[in-house]
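*Asks:* This is upload_10.cif, which holds mmCIF, N, CA and C atoms:
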data_work
loop_
_atom_site.label_atom_id
_atom_site.label_comp_id
_atom_site.auth_asym_id
_atom_site.auth_seq_id
_atom_site.Cartn_x
_atom_site.Cartn_y
_atom_site.Cartn_z
N MET A 291 -11.38 2.50 6.89
CA MET A 291 -10.91 1.60 5.85
C MET A 291 -10.86 0.19 6.41
N ASP A 292 -11.36 -0.74 5.65
CA ASP A 292 -11.34 -2.15 6.05
C ASP A 292 -10.04 -2.77 5.54
N TYR A 293 -9.10 -2.95 6.45
CA TYR A 293 -7.79 -3.45 6.04
C TYR A 293 -7.83 -4.90 5.58
N GLN A 294 -8.93 -5.59 5.79
CA GLN A 294 -9.05 -6.95 5.27
C GLN A 294 -9.25 -6.95 3.76
N GLN A 295 -9.53 -5.77 3.19
CA GLN A 295 -9.73 -5.64 1.75
C GLN A 295 -8.44 -5.33 0.99
N LEU A 296 -7.34 -5.22 1.70
CA LEU A 296 -6.06 -4.93 1.05
C LEU A 296 -5.62 -6.12 0.19
N PRO A 297 -5.07 -5.86 -0.99
CA PRO A 297 -4.49 -6.96 -1.77
C PRO A 297 -3.39 -7.63 -0.93
N ILE A 298 -3.33 -8.94 -0.95
CA ILE A 298 -2.41 -9.69 -0.10
C ILE A 298 -0.96 -9.28 -0.35
N GLY A 299 -0.59 -9.08 -1.60
CA GLY A 299 0.78 -8.67 -1.91
C GLY A 299 1.11 -7.30 -1.35
N PHE A 300 0.13 -6.41 -1.36
CA PHE A 300 0.31 -5.08 -0.81
C PHE A 300 0.47 -5.17 0.71
N ALA A 301 -0.38 -5.95 1.35
CA ALA A 301 -0.29 -6.11 2.81
C ALA A 301 1.05 -6.71 3.21
N MET A 302 1.52 -7.68 2.45
CA MET A 302 2.80 -8.31 2.77
C MET A 302 3.96 -7.33 2.57
N ALA A 303 3.89 -6.54 1.50
CA ALA A 303 4.94 -5.55 1.25
C ALA A 303 4.93 -4.48 2.34
N LEU A 304 3.74 -4.06 2.78
CA LEU A 304 3.65 -3.09 3.88
C LEU A 304 4.25 -3.67 5.16
N ALA A 305 3.97 -4.93 5.42
CA ALA A 305 4.48 -5.58 6.64
C ALA A 305 6.01 -5.61 6.65
N GLN A 306 6.61 -5.62 5.48
CA GLN A 306 8.07 -5.64 5.38
C GLN A 306 8.68 -4.25 5.43
N ASN A 307 7.82 -3.23 5.45
CA ASN A 307 8.31 -1.85 5.43
C ASN A 307 7.53 -1.05 6.50
N PRO A 308 7.96 -1.13 7.75
CA PRO A 308 7.23 -0.46 8.84
C PRO A 308 7.03 1.04 8.63
N ASN A 309 8.00 1.72 8.03
CA ASN A 309 7.85 3.15 7.77
C ASN A 309 6.69 3.40 6.81
N ALA A 310 6.61 2.61 5.75
CA ALA A 310 5.52 2.76 4.78
C ALA A 310 4.18 2.42 5.43
N MET A 311 4.17 1.40 6.29
CA MET A 311 2.93 1.01 6.96
C MET A 311 2.41 2.16 7.84
N GLU A 312 3.31 2.76 8.59
CA GLU A 312 2.93 3.86 9.47
C GLU A 312 2.45 5.06 8.66
N THR A 313 3.16 5.36 7.59
CA THR A 313 2.78 6.49 6.73
C THR A 313 1.44 6.23 6.08
N PHE A 314 1.22 5.03 5.55
CA PHE A 314 -0.04 4.68 4.90
C PHE A 314 -1.21 4.85 5.88
N ALA A 315 -1.03 4.42 7.10
CA ALA A 315 -2.10 4.51 8.10
C ALA A 315 -2.51 5.95 8.36
N LYS A 316 -1.60 6.89 8.20
CA LYS A 316 -1.88 8.30 8.49
C LYS A 316 -2.40 9.08 7.28
N LEU A 317 -2.40 8.48 6.11
CA LEU A 317 -2.81 9.19 4.90
C LEU A 317 -4.32 9.42 4.87
N PRO A 318 -4.75 10.47 4.18
CA PRO A 318 -6.19 10.70 4.00
C PRO A 318 -6.81 9.57 3.18
N GLN A 319 -8.09 9.35 3.36
CA GLN A 319 -8.79 8.24 2.70
C GLN A 319 -8.64 8.29 1.18
N ASP A 320 -8.74 9.48 0.57
CA ASP A 320 -8.65 9.56 -0.89
C ASP A 320 -7.26 9.17 -1.39
N THR A 321 -6.24 9.50 -0.63
CA THR A 321 -4.88 9.11 -1.00
C THR A 321 -4.71 7.60 -0.86
N LYS A 322 -5.24 7.04 0.21
CA LYS A 322 -5.19 5.58 0.39
C LYS A 322 -5.90 4.88 -0.77
N ALA A 323 -7.05 5.40 -1.16
CA ALA A 323 -7.81 4.79 -2.26
C ALA A 323 -7.00 4.81 -3.55
N SER A 324 -6.31 5.91 -3.81
CA SER A 324 -5.48 6.02 -5.00
C SER A 324 -4.34 5.00 -4.98
N ILE A 325 -3.70 4.86 -3.85
CA ILE A 325 -2.61 3.89 -3.70
C ILE A 325 -3.14 2.47 -3.86
N LEU A 326 -4.31 2.19 -3.29
CA LEU A 326 -4.89 0.85 -3.41
C LEU A 326 -5.26 0.53 -4.85
N THR A 327 -5.68 1.53 -5.61
CA THR A 327 -5.95 1.31 -7.03
C THR A 327 -4.67 0.90 -7.74
N GLN A 328 -3.58 1.59 -7.42
CA GLN A 328 -2.29 1.22 -8.00
C GLN A 328 -1.92 -0.21 -7.60
N ALA A 329 -2.13 -0.54 -6.34
CA ALA A 329 -1.79 -1.88 -5.84
C ALA A 329 -2.62 -2.95 -6.54
N HIS A 330 -3.90 -2.69 -6.74
CA HIS A 330 -4.76 -3.66 -7.42
C HIS A 330 -4.32 -3.86 -8.87
N ASN A 331 -3.72 -2.84 -9.47
CA ASN A 331 -3.30 -2.92 -10.86
C ASN A 331 -1.85 -3.37 -11.02
N ALA A 332 -1.14 -3.58 -9.93
CA ALA A 332 0.26 -4.01 -10.00
C ALA A 332 0.35 -5.37 -10.70
N ARG A 333 1.31 -5.47 -11.57
CA ARG A 333 1.46 -6.70 -12.37
C ARG A 333 2.58 -7.61 -11.89
N SER A 334 3.33 -7.15 -10.89
CA SER A 334 4.43 -7.98 -10.40
C SER A 334 4.72 -7.65 -8.94
N GLU A 335 5.46 -8.52 -8.32
CA GLU A 335 5.89 -8.29 -6.94
C GLU A 335 6.80 -7.06 -6.87
N ALA A 336 7.66 -6.92 -7.86
CA ALA A 336 8.57 -5.78 -7.89
C ALA A 336 7.78 -4.47 -7.99
N GLU A 337 6.74 -4.46 -8.80
CA GLU A 337 5.92 -3.26 -8.92
C GLU A 337 5.22 -2.95 -7.60
N MET A 338 4.75 -3.96 -6.92
CA MET A 338 4.10 -3.77 -5.62
C MET A 338 5.09 -3.18 -4.61
N HIS A 339 6.30 -3.68 -4.61
CA HIS A 339 7.32 -3.15 -3.70
C HIS A 339 7.67 -1.70 -4.04
N ARG A 340 7.66 -1.34 -5.32
CA ARG A 340 7.91 0.05 -5.71
C ARG A 340 6.79 0.95 -5.18
N ILE A 341 5.56 0.48 -5.26
CA ILE A 341 4.43 1.26 -4.74
C ILE A 341 4.60 1.50 -3.24
N VAL A 342 4.91 0.43 -2.51
CA VAL A 342 5.08 0.54 -1.06
C VAL A 342 6.30 1.38 -0.71
N SER A 343 7.38 1.24 -1.45
CA SER A 343 8.57 2.05 -1.19
C SER A 343 8.26 3.53 -1.40
N GLY A 344 7.41 3.83 -2.35
CA GLY A 344 7.01 5.20 -2.60
C GLY A 344 6.24 5.79 -1.42
N ILE A 345 5.47 4.97 -0.74
CA ILE A 345 4.73 5.42 0.44
C ILE A 345 5.71 5.79 1.54
N GLY A 346 6.69 4.95 1.75
CA GLY A 346 7.67 5.18 2.81
C GLY A 346 8.53 6.39 2.56
N ALA A 347 8.62 6.81 1.30
CA ALA A 347 9.45 7.95 0.95
C ALA A 347 8.73 9.27 1.15
N LYS A 348 7.42 9.22 1.43
CA LYS A 348 6.63 10.45 1.60
C LYS A 348 6.85 11.08 2.94
#
Using structure tokens, write down the structure from this file.
*Replies:*
Amino acid sequence: MDYQQLPIGFAMALAQNPNAMETFAKLPQDTKASILTQAHNARSEAEMHRIVSGIGAK
């Protein structure tokens, strides 16, 4: 996965949540792709943080 392709808001939210960042890095490619689709479709900063918080909860 090319991490330079991450939406900036998603990357920033991941950087603020080390647990989510570590979990995301270990996920299978298809799961990462699904999460990135959600991130690309996020309409607000709060929604982006909910997506990232959900990763950390896994």
*Asks:* Taking 3 positions as the minimum chain separation for residues in the same chain, which residues sit within 12 Å of Asn309 of chain A when counting only C-alpha atoms? Answer as a PyMOL selection string.
*Replies:* chain A and resi 303-306+312-316+342-348
*Asks:* In Å, how far is it from atom C of Gln295 of chain A to atom CA of Leu326 of chain A?
*Replies:* 8.4 Å
*Asks:* If I wrap all listed atoms of segment 303-309 of chain A in a box with edges along x, y and z and add 6 Å on each side, what are its centre and edge lengths in Å to one decimal, as lines of an AutoDock Vina configuration file?
*Replies:*
center_x = 6.2
center_y = -1.6
center_z = 5.0
size_x = 17.0
size_y = 21.9
size_z = 19.6
*Asks:* Mind giving me the straight-line distance from atom CA of Asn331 of chain A to atom CA of Gln319 of chain A in Å, one decimal?
*Replies:* 18.4 Å
*Asks:* Find the distance between atom C of Gly299 of chain A and atom N of His339 of chain A and write it in Å to one decimal.
*Replies:* 7.1 Å
*Asks:* What are the DSSP helix (DSSP H, G or I) residues of segment 294-341 of chain A, as number ranges by chain?
*Replies:* A: 294-295, 298-305, 308-316, 319-331, 335-341
*Asks:* Check the smallest atom-to-atom distance from each of A:Leu296, A:Met302, A:Ala310, A:Leu317 to Ala329 of chain A using only C-alpha atoms, then report the winner.
*Replies:* A:Leu296
